[in-house]
Amino acid sequence: MIVEIIISQMPYLLHGLWVALQLLVCLLALGLVLGLSLALLEVYGHWTLRWLGILFERIFRGIPAIVLLLLFYYGVTDFVEIGSFTAAVLALGLRSAAYQSQIFRGCILSVPPGQMQAARAMGMSKMKAVRDIVLPQALRLSIGPWTNEFSSEMKATSLAYVIGVVELTRQAKYIISSTQGNILIVFAVVAALYFIFNRLGNWGLYKLEKRLAVPGFEQRGDA
Amino acid sequence: MRKTLHGLVGGTAFAVVGALGLNTAAAEALVAGVEASFPPWAYVEDGEYKGIAIDAMRAIAEDQDMEVEFKDLPWPSLIPALAKGRIDLLVTGLNITEERNEVLDFSIPWWENDDEVLVAEDSELNVVTALCCGATVGAQGGATQFQWLEDNLAANDDVGITLRSYEDYVTAVEDMGAGRLDAVVTSTDTAEDFIAKDRPVKIVGTIQQNQPQALAVEKGDPNEILSKLNAGIMNIYESGQWSEIVKEYSPQSTIRSIPTSMPDYVDAYEEPIPGYSD
């Protein structure tokens with residue numbers, strides 16, 4: 001009977017997964033753009049900007065995701081009218097930016113300083129050297145650690161139901177409450193869906209890493 | 001290769017802006033907050049909102065020419081969301097209490113509930129032993145049952161119960177099945193729904209509460225919907241639509257006459273009650 005329920009409810013679970021996927025793409029994208037900017041500020045910026053970047057990053061890395069979600073949904077919305085989904089993107093995306101800034105900062109710093117010196121010696125401006133010499137190497141290096149961020153943010157999307165985003169975990173709860181039970185089996189199916197989703201994402205990222213690799217230049221083993 | 005990297009960054013920035021833009025479209029309809037894991041009052045089945053409160057709200061909306069859309073939030077978030085104006089009204093099995101009266105305004109009450117003491121089917125406990133002497137009891141956090149247990153039993157050292165809070169009753173009952181709880185205290189409707197759906201539980205006793213339930217709006221009724229809700233409730237009750245809806249979801253229930261008992265501490269029941277007295 002429960003198997004029938006699961007099969008008949010699969011479209012709703014998949015719809016929940018689709019919402020989770022949209023949330024994930026938006027928050028990671030926001031985190032990527034802002035995180036990379038923060039990393040550049042922290043490495044190359046004027047000390048005031050660097051200080052602001054570090055402050056932002058410390059704050060958002062130091063607050064639990066669920067508290068950020070509640071703060072954005074109930075706090076920020078006092079001033080600006082935003083929906084649940086947008087509030088979730090902002091809360092989780094800004095937090096992700098803080099984490100991603102540390103990934104990118106580490107990777108920028110791991111490009112040997114000699115590269116920058118050589119570029120400057122050839123007459124490149126600092127901006128051009130960062131854009132054309134340092135970043136292409138740093139970003140390639142960052143894909144590995146970024147897969148971690150992908151996985152942990154994907155799991156964090158399951159918290160967004162507390163502010164009314166009906167994603168996969170909430171859809172699972174609907175099935176549990178409309179049948180008044182079956183917690184174990186329903187969440188087992190949900191766990192499998194998250195797992196498959198996560199593996200596919202990481203598989204794609206490793207593919208990207210391989211495709212972008214410069215032959216003979218990097219020495220990362222197969223994952 | 002550089003193009004690929006630049007393309008990735010640029011493309012994702014575009015995706016963020018696009019997604020945020022889509023979300024700001026303002027809806028004219030009133031937003032009714034529900035806790036959609038609370039059968040038979042409000043739940044989701046096959047992707048559709050269902051339940052007594054949902055169907056009754058739809059009938060009231062039709063009767064009063066209102067446009068209502070539902071928004072699902074977890075139970076502990078619902079009252080804060082209404083107090084903050086994130087939702088316009090609250091449509092679920094909401095008990096009237098003095099604390100809630102401080103932060104929201106109630107419609108006329110359309111239901112009355114007692115609380116039931118549930119134990120596992122094979123349990124030897126009775127209504128007394130299930131609620132004393134070292135028993136561990138579960139209820140939904142933020143619910144009136146939890147508050148009652150805390151004030152009357154947990155606070156009294158002579159009774160000696162351990163009280164546990166759960167996000168919803170399904171988890172509490174499941175935890176009782178796993179042997180971690182001796183009893184669960186929930187409203188009559190929810191208890192009967194568990195039994196109707198063949199969960200391995202039984203009712204060992206009733207705590208007579210005559211607890212009225214109603215819809216609620218923001219304190220002071222800024223959107224002026226209370227009069228429509230009250231008039232709508234009376235209309236669907238008098239037309240018989242209400243008893244059809246209740247019978248559909250909860251065939252064992254007795255229909256009570258509306259309004260049920262109206263506690264005198266409720267501000268919204270001071271005469272004249274909008275939409276009811278006139």
# chains A, B, ... in the order shown; residues from 1 in each chain; ligands from 1
call {"tool": "residues_around", "arguments": {"residues": "stretch 106-118 of chain B", "least_positions_apart": "2", "cutoff": "6 Å", "atoms": "only C-alpha atoms", "output": "PDB file with C-alpha atoms, in the first residue's frame"}}
result
ATOM      1  CA  ALA B 183       1.307   9.165  25.855  1.00  0.00           C
ATOM      2  CA  VAL B 184       0.429  11.904  23.382  1.00  0.00           C
ATOM      3  CA  VAL B 185      -2.197  14.541  24.103  1.00  0.00           C
ATOM      4  CA  THR B 186      -3.947  15.966  21.039  1.00  0.00           C
ATOM      5  CA  SER B 187      -7.280  17.441  20.008  1.00  0.00           C
ATOM      6  CA  THR B 188     -10.302  15.210  19.497  1.00  0.00           C
ATOM      7  CA  LYS B 202      -6.039   4.163  21.327  1.00  0.00           C
ATOM      8  CA  ILE B 203      -7.761   6.867  23.340  1.00  0.00           C
ATOM      9  CA  VAL B 204      -7.637   6.206  27.094  1.00  0.00           C
ATOM     10  CA  GLY B 205      -9.235   9.403  28.251  1.00  0.00           C
ATOM     11  CA  THR B 206     -10.625  12.802  27.362  1.00  0.00           C
ATOM     12  CA  ILE B 207      -9.656  16.103  28.905  1.00  0.00           C
ATOM     13  CA  GLN B 208     -12.836  18.154  28.731  1.00  0.00           C
ATOM     14  CA  GLN B 209     -11.754  21.558  27.437  1.00  0.00           C
ATOM     15  CA  ASN B 210     -14.711  22.823  25.364  1.00  0.00           C
ATOM     16  CA  GLN B 211     -12.032  24.618  23.481  1.00  0.00           C
ATOM     17  CA  PRO B 212     -13.532  26.911  20.835  1.00  0.00           C
ATOM     18  CA  GLN B 213     -11.799  27.218  17.461  1.00  0.00           C
ATOM     19  CA  ALA B 214     -11.995  30.053  14.971  1.00  0.00           C
ATOM     20  CA  LEU B 215     -10.334  31.790  12.074  1.00  0.00           C
ATOM     21  CA  ALA B 216      -8.088  34.713  12.881  1.00  0.00           C
ATOM     22  CA  ASN B 230     -18.251  36.151  10.245  1.00  0.00           C
ATOM     23  CA  ILE B 258     -22.325  28.134  15.343  1.00  0.00           C
ATOM     24  CA  PRO B 259     -21.199  30.232  17.069  1.00  0.00           C
ATOM     25  CA  THR B 260     -20.005  27.872  19.781  1.00  0.00           C
TER      26      THR B 260
END
call {"tool": "residues_around", "arguments": {"residues": "A:Ser152", "least_positions_apart": "4", "cutoff": "12 Å", "atoms": "only C-alpha atoms", "output": "number ranges by chain"}}
result
A: 24, 27-28, 65, 92, 95-96, 99-100, 145-148, 156-159, 194-195, 198, 201-202
call {"tool": "residues_around", "arguments": {"residues": "A:Leu32", "least_positions_apart": "4", "cutoff": "10 Å", "atoms": "only C-alpha atoms", "output": "MDAnalysis selection string"}}
result
(chainID A and resid 26:28 36:38 93:94 96:101 104 146) or (chainID B and resid 8:9 12:13)
call {"tool": "write_last_selection", "arguments": {"atoms": "N, CA and C atoms", "output": "JSON list (two decimals), in the first residue's frame"}}
result
[["chain", "number", "residue", "atom", "x", "y", "z"],
["A", 26, "CYS", "N", 19.79, 29.41, -7.65],
["A", 26, "CYS", "CA", 19.77, 30.84, -7.36],
["A", 26, "CYS", "C", 20.72, 31.19, -6.22],
["A", 27, "LEU", "N", 20.71, 30.39, -5.16],
["A", 27, "LEU", "CA", 21.52, 30.77, -4.01],
["A", 27, "LEU", "C", 23.01, 30.57, -4.31],
["A", 28, "LEU", "N", 23.33, 29.50, -5.07],
["A", 28, "LEU", "CA", 24.74, 29.29, -5.40],
["A", 28, "LEU", "C", 25.23, 30.37, -6.35],
["A", 36, "LEU", "N", 33.02, 35.60, -5.00],
["A", 36, "LEU", "CA", 34.22, 35.88, -5.78],
["A", 36, "LEU", "C", 34.63, 37.35, -5.59],
["A", 37, "SER", "N", 33.65, 38.25, -5.60],
["A", 37, "SER", "CA", 33.95, 39.66, -5.38],
["A", 37, "SER", "C", 34.58, 39.87, -4.01],
["A", 38, "LEU", "N", 34.00, 39.21, -3.00],
["A", 38, "LEU", "CA", 34.53, 39.33, -1.65],
["A", 38, "LEU", "C", 35.96, 38.83, -1.57],
["A", 93, "GLY", "N", 21.87, 32.40, 0.18],
["A", 93, "GLY", "CA", 22.83, 32.87, -0.81],
["A", 93, "GLY", "C", 23.92, 33.73, -0.18],
["A", 94, "LEU", "N", 23.53, 34.62, 0.73],
["A", 94, "LEU", "CA", 24.53, 35.46, 1.39],
["A", 94, "LEU", "C", 25.44, 34.61, 2.27],
["A", 96, "SER", "N", 26.11, 31.49, 1.69],
["A", 96, "SER", "CA", 26.98, 30.77, 0.77],
["A", 96, "SER", "C", 28.10, 31.68, 0.25],
["A", 97, "ALA", "N", 27.78, 32.96, 0.05],
["A", 97, "ALA", "CA", 28.81, 33.90, -0.41],
["A", 97, "ALA", "C", 29.96, 33.95, 0.59],
["A", 98, "ALA", "N", 29.62, 33.93, 1.86],
["A", 98, "ALA", "CA", 30.66, 33.97, 2.88],
["A", 98, "ALA", "C", 31.57, 32.73, 2.78],
["A", 99, "TYR", "N", 30.94, 31.56, 2.62],
["A", 99, "TYR", "CA", 31.74, 30.34, 2.49],
["A", 99, "TYR", "C", 32.53, 30.33, 1.19],
["A", 100, "GLN", "N", 31.85, 30.72, 0.09],
["A", 100, "GLN", "CA", 32.53, 30.69, -1.20],
["A", 100, "GLN", "C", 33.69, 31.67, -1.23],
["A", 101, "SER", "N", 33.56, 32.81, -0.53],
["A", 101, "SER", "CA", 34.66, 33.78, -0.54],
["A", 101, "SER", "C", 35.92, 33.14, 0.04],
["A", 104, "PHE", "N", 37.44, 30.83, -2.69],
["A", 104, "PHE", "CA", 38.14, 31.58, -3.73],
["A", 104, "PHE", "C", 39.39, 32.28, -3.19],
["A", 146, "TRP", "N", 34.76, 23.59, -4.26],
["A", 146, "TRP", "CA", 33.41, 24.11, -4.51],
["A", 146, "TRP", "C", 32.37, 22.99, -4.51],
["B", 8, "LEU", "N", 30.25, 31.34, -17.40],
["B", 8, "LEU", "CA", 29.62, 30.76, -16.21],
["B", 8, "LEU", "C", 29.26, 31.83, -15.20],
["B", 9, "VAL", "N", 30.22, 32.71, -14.93],
["B", 9, "VAL", "CA", 29.99, 33.76, -13.93],
["B", 9, "VAL", "C", 28.87, 34.69, -14.39],
["B", 12, "THR", "N", 25.34, 33.01, -14.41],
["B", 12, "THR", "CA", 24.73, 32.81, -13.09],
["B", 12, "THR", "C", 24.24, 34.12, -12.51],
["B", 13, "ALA", "N", 24.99, 35.20, -12.74],
["B", 13, "ALA", "CA", 24.54, 36.51, -12.25],
["B", 13, "ALA", "C", 23.19, 36.84, -12.85]]
call {"tool": "atom_distance", "arguments": {"atom1": "atom CA of B:Ile225", "atom2": "atom CA of A:Val165"}}
result
25.9 Å
call {"tool": "atom_distance", "arguments": {"atom1": "atom CA of B:Tyr49", "atom2": "atom CA of B:Ala36"}}
result
7.4 Å
call {"tool": "residues_around", "arguments": {"residues": "B:Phe38", "least_positions_apart": "5", "cutoff": "9 Å", "atoms": "only C-alpha atoms", "output": "mmCIF file with N, CA, C and O atoms, in the first residue's frame"}}
result
data_model
loop_
_atom_site.group_PDB
_atom_site.id
_atom_site.type_symbol
_atom_site.label_atom_id
_atom_site.label_comp_id
_atom_site.auth_asym_id
_atom_site.auth_seq_id
_atom_site.Cartn_x
_atom_site.Cartn_y
_atom_site.Cartn_z
ATOM 1 N N SER A 177 1.694 13.447 6.633
ATOM 2 C CA SER A 177 0.543 13.862 7.427
ATOM 3 C C SER A 177 -0.772 13.465 6.784
ATOM 4 O O SER A 177 -1.732 13.181 7.500
ATOM 5 N N SER A 178 -0.840 13.402 5.461
ATOM 6 C CA SER A 178 -2.134 13.018 4.895
ATOM 7 C C SER A 178 -2.374 11.525 5.080
ATOM 8 O O SER A 178 -3.500 11.073 5.060
ATOM 9 N N TYR B 43 -4.570 19.873 5.087
ATOM 10 C CA TYR B 43 -3.448 19.030 4.661
ATOM 11 C C TYR B 43 -3.346 19.076 3.144
ATOM 12 O O TYR B 43 -4.183 19.708 2.481
ATOM 13 N N GLY B 51 -9.166 19.570 3.379
ATOM 14 C CA GLY B 51 -9.477 19.621 4.803
ATOM 15 C C GLY B 51 -10.683 20.490 5.092
ATOM 16 O O GLY B 51 -11.144 21.249 4.238
ATOM 17 N N THR B 92 -7.053 27.388 9.988
ATOM 18 C CA THR B 92 -6.622 26.050 10.382
ATOM 19 C C THR B 92 -7.360 25.718 11.667
ATOM 20 O O THR B 92 -8.210 26.487 12.098
ATOM 21 N N GLY B 93 -7.093 24.604 12.274
ATOM 22 C CA GLY B 93 -7.771 24.299 13.539
ATOM 23 C C GLY B 93 -7.173 25.101 14.669
ATOM 24 O O GLY B 93 -6.416 24.601 15.467
ATOM 25 N N ASP B 168 5.043 18.393 14.885
ATOM 26 C CA ASP B 168 3.672 18.029 14.525
ATOM 27 C C ASP B 168 3.292 16.730 15.213
ATOM 28 O O ASP B 168 4.137 16.057 15.799
ATOM 29 N N TYR B 169 2.007 16.393 15.123
ATOM 30 C CA TYR B 169 1.530 15.221 15.869
ATOM 31 C C TYR B 169 1.932 13.905 15.241
ATOM 32 O O TYR B 169 2.006 12.881 15.929
ATOM 33 N N VAL B 170 2.179 13.907 13.933
ATOM 34 C CA VAL B 170 2.587 12.644 13.301
ATOM 35 C C VAL B 170 3.907 12.166 13.908
ATOM 36 O O VAL B 170 4.063 10.998 14.258
ATOM 37 N N THR B 190 -7.944 15.372 15.715
ATOM 38 C CA THR B 190 -6.691 14.769 15.277
ATOM 39 C C THR B 190 -6.592 13.338 15.792
ATOM 40 O O THR B 190 -6.218 12.425 15.050
#
call {"tool": "atom_distance", "arguments": {"atom1": "atom CA of A:Phe150", "atom2": "atom CA of A:Leu205"}}
result
9.3 Å
call {"tool": "residues_around", "arguments": {"residues": "A:Phe85", "least_positions_apart": "2", "cutoff": "9 Å", "atoms": "only C-alpha atoms", "output": "number ranges by chain"}}
result
A: 23, 82-83, 87-90, 160, 163-165; B: 20, 23
call {"tool": "write_last_selection", "arguments": {"atoms": "C-alpha atoms", "output": "PDB file, in the first residue's frame"}}
result
ATOM      1  CA  LEU A  23      16.510  27.463  -4.895  1.00  0.00           C
ATOM      2  CA  ILE A  82       9.730  39.882  -0.573  1.00  0.00           C
ATOM      3  CA  GLY A  83       8.291  36.401  -0.841  1.00  0.00           C
ATOM      4  CA  ALA A  87      13.954  35.452   1.332  1.00  0.00           C
ATOM      5  CA  ALA A  88      15.376  31.927   1.208  1.00  0.00           C
ATOM      6  CA  VAL A  89      17.630  32.796  -1.755  1.00  0.00           C
ATOM      7  CA  LEU A  90      18.951  35.863   0.071  1.00  0.00           C
ATOM      8  CA  ALA A 160      13.643  26.533   3.618  1.00  0.00           C
ATOM      9  CA  ILE A 163       9.588  30.037   5.973  1.00  0.00           C
ATOM     10  CA  GLY A 164       7.041  28.484   3.658  1.00  0.00           C
ATOM     11  CA  VAL A 165       9.045  27.317   0.640  1.00  0.00           C
TER      12      VAL A 165
ATOM     13  CA  LEU B  20      14.516  37.546  -7.871  1.00  0.00           C
ATOM     14  CA  ASN B  23       9.198  36.756  -7.290  1.00  0.00           C
TER      15      ASN B  23
END
call {"tool": "closest_residue", "arguments": {"among": "B:Ala29, B:Ile52, B:Ala154, B:Val34", "to": "B:Glu248", "atoms": "only C-alpha atoms"}}
result
B:Ile52
call {"tool": "residues_around", "arguments": {"residues": "stretch 137-145 of chain B", "least_positions_apart": "6", "cutoff": "9 Å", "atoms": "only C-alpha atoms", "output": "list in words"}}
result
Trp75, Pro76, Leu94, Asn95, Ile96, Thr97, Asp115, Ala130, Leu131, Ile161, Thr162, Leu163, Arg164, Ser165, Tyr166, Glu167, Asp168, Tyr169, Ala172, Val173, Asp175, Met176, Leu181, Asp182, Ala183, Val184, Val185, Thr186 and Ser187 of chain B
call {"tool": "closest_residue", "arguments": {"among": "A:Arg50, A:Arg199, A:Arg170, A:Arg58", "to": "chain B", "atoms": "only C-alpha atoms"}}
result
A:Arg170
call {"tool": "closest_residue", "arguments": {"among": "B:Gly240, B:Ile233, B:Gly220, B:Gly33", "to": "B:Pro80", "atoms": "only C-alpha atoms"}}
result
B:Gly33
call {"tool": "closest_residue", "arguments": {"among": "B:Val119, B:Leu82, B:Leu30, B:Val44", "to": "B:Gly177", "atoms": "only C-alpha atoms"}}
result
B:Val119
call {"tool": "select_by_dssp", "arguments": {"residues": "stretch 4-218 of chain B", "states": "helix (DSSP H, G or I)", "output": "VMD selection string"}}
result
chain B and resid 4 to 23 52 to 64 75 to 83 98 to 103 129 to 131 144 to 154 169 to 177 188 to 196
call {"tool": "closest_residue", "arguments": {"among": "B:Ser250, B:Lys228, B:Phe146, B:Lys84", "to": "B:Ala196", "atoms": "only C-alpha atoms"}}
result
B:Ser250
call {"tool": "closest_residue", "arguments": {"among": "A:His15, A:Lys128, A:Arg61, A:Lys155", "to": "chain B", "atoms": "only C-alpha atoms"}}
result
A:His15
call {"tool": "select_by_dssp", "arguments": {"residues": "stretch 144-223 of chain B", "states": "strand (DSSP E or B)", "output": "PyMOL selection string"}}
result
chain B and resi 162-166+183-187+201-218
call {"tool": "decode", "arguments": {"residues": "stretch 96-110 of chain A", "atoms": "C-alpha atoms", "output": "mmCIF file, in the first residue's frame"}}
result
data_model
loop_
_atom_site.group_PDB
_atom_site.id
_atom_site.type_symbol
_atom_site.label_atom_id
_atom_site.label_comp_id
_atom_site.auth_asym_id
_atom_site.auth_seq_id
_atom_site.Cartn_x
_atom_site.Cartn_y
_atom_site.Cartn_z
ATOM 1 C CA SER A 96 26.978 30.770 0.766
ATOM 2 C CA ALA A 97 28.806 33.904 -0.414
ATOM 3 C CA ALA A 98 30.662 33.965 2.881
ATOM 4 C CA TYR A 99 31.744 30.340 2.488
ATOM 5 C CA GLN A 100 32.531 30.691 -1.202
ATOM 6 C CA SER A 101 34.656 33.782 -0.541
ATOM 7 C CA GLN A 102 36.915 31.596 1.585
ATOM 8 C CA ILE A 103 37.193 28.969 -1.147
ATOM 9 C CA PHE A 104 38.139 31.577 -3.732
ATOM 10 C CA ARG A 105 40.429 33.482 -1.382
ATOM 11 C CA GLY A 106 42.378 30.291 -0.637
ATOM 12 C CA CYS A 107 42.654 29.427 -4.306
ATOM 13 C CA ILE A 108 43.775 32.932 -5.307
ATOM 14 C CA LEU A 109 46.450 32.835 -2.608
ATOM 15 C CA SER A 110 47.585 29.400 -3.740
#
